[in-house]
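Read through the structure below, which is laid out as structure tokens, and then see the notes.
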Amino acid sequence: MIIKVDISEETWARMLTGKRVEGSMAYDLWTGKKSFRAYIRQSRCRVRDVMVKKLPWGWLKRSQRKWKVYLGVDSDQPLDEVLQDFESDHDEAMQAIVDQVIIDRV
């Protein structure tokens with residue numbers, strides 16, 4: 001079965017470049033036409049997080065509104081070593097935040 005669908009020139013141009021186009025397909029009972037309407041989507045323009053410091057067990061990043069810390073320690077280590085690794089990375093991250101704030105103010 002072949003079904004002919006009306007598509008706008010802009011949508012067809014996006015499809016020819018290999019981009020995916022999301023939208024809705026409709027059938028008009030009065031005219032008997034099938035049409036496709038693409039959703040109006042805003043392109044993602046999010047600013048990437050900036051790496052402030054690479055920590056031994058993770059990283060410290062800064063976004064526009066937040067400080068982000070990731071720590072990942074091997075689970076096969078003894079508890080005291082895990083806690084020590086977390087504490088040392090936490091201290092390094094705190095010092096890096098203080099250093100970054102001082103640099104930003106100068």
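Each chain of the structure tokens is named A, B, ... in the order shown, its residues numbered from 1; ligands are numbered from 1 in display order.
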
- Message: Just want the 9 Å neighbourhood of Phe86 of chain A, counted on only C-alpha atoms, with same-chain residues fewer than 5 positions away dropped. Output as a VMD selection string.
- Response: chain A and resid 57 71 to 73 81 91

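Residues in contact range of Asp89 of chain A, defined as at most 12 Å between only C-alpha atoms, with sequence neighbours fewer than 2 positions away removed, read Lys53, Lys54, Leu55, Pro56, Trp57, Gly58, Trp59, Leu60, Val69, Tyr70, Leu71, Gly72, Val73, Val82, Leu83, Gln84, Asp85, Phe86, Glu87, Asp91, Glu92, Ala93, Met94, Gln95 and Ala96 of chain A.
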
Might you pull out every residue within 12 Å of Tyr27 of chain A, with only C-alpha atoms counted and same-chain residues fewer than 5 positions away left off, and present them as a short mmCIF file (atom, residue, chain, number, x, y, z; two decimals) with N, CA and C atoms, in the first residue's frame?
data_model
loop_
_atom_site.label_atom_id
_atom_site.label_comp_id
_atom_site.auth_asym_id
_atom_site.auth_seq_id
_atom_site.Cartn_x
_atom_site.Cartn_y
_atom_site.Cartn_z
N ILE A 3 0.93 5.29 0.50
CA ILE A 3 0.17 6.40 1.06
C ILE A 3 0.95 7.68 0.78
N LYS A 4 0.31 8.65 0.17
CA LYS A 4 0.95 9.92 -0.13
C LYS A 4 0.61 10.90 0.98
N VAL A 5 1.67 11.56 1.50
CA VAL A 5 1.52 12.48 2.63
C VAL A 5 2.10 13.82 2.23
N ASP A 6 1.40 14.90 2.56
CA ASP A 6 1.91 16.26 2.31
C ASP A 6 2.90 16.64 3.40
N GLY A 32 -9.74 14.41 2.39
CA GLY A 32 -9.10 13.14 2.06
C GLY A 32 -7.60 13.23 1.98
N LYS A 33 -7.03 14.35 2.47
CA LYS A 33 -5.58 14.53 2.41
C LYS A 33 -4.93 14.05 3.71
N LYS A 34 -3.74 13.54 3.54
CA LYS A 34 -2.92 13.16 4.69
C LYS A 34 -1.79 14.17 4.79
N SER A 35 -1.53 14.65 6.00
CA SER A 35 -0.49 15.67 6.15
C SER A 35 0.37 15.35 7.36
N PHE A 36 1.60 15.82 7.31
CA PHE A 36 2.55 15.66 8.40
C PHE A 36 2.93 17.05 8.89
N ARG A 37 2.82 17.27 10.18
CA ARG A 37 3.22 18.55 10.77
C ARG A 37 4.34 18.30 11.75
#

- Enumerate as JSON, numbers by chain all residues of chain A assigned to helix (DSSP H, G or I) by DSSP on the backbone, naming them with the chain letters and numbers the document uses. {"A": [9, 10, 11, 12, 13, 14, 15, 16, 79, 80, 81, 82, 83, 84, 85, 86, 87, 88, 89, 90, 91, 92, 93, 94, 95, 96, 97, 98, 99, 100, 101, 102, 103, 104, 105]}

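Across the structure, atom CA of His90 of chain A and atom CA of Val52 of chain A are spaced 13.6 Å apart.
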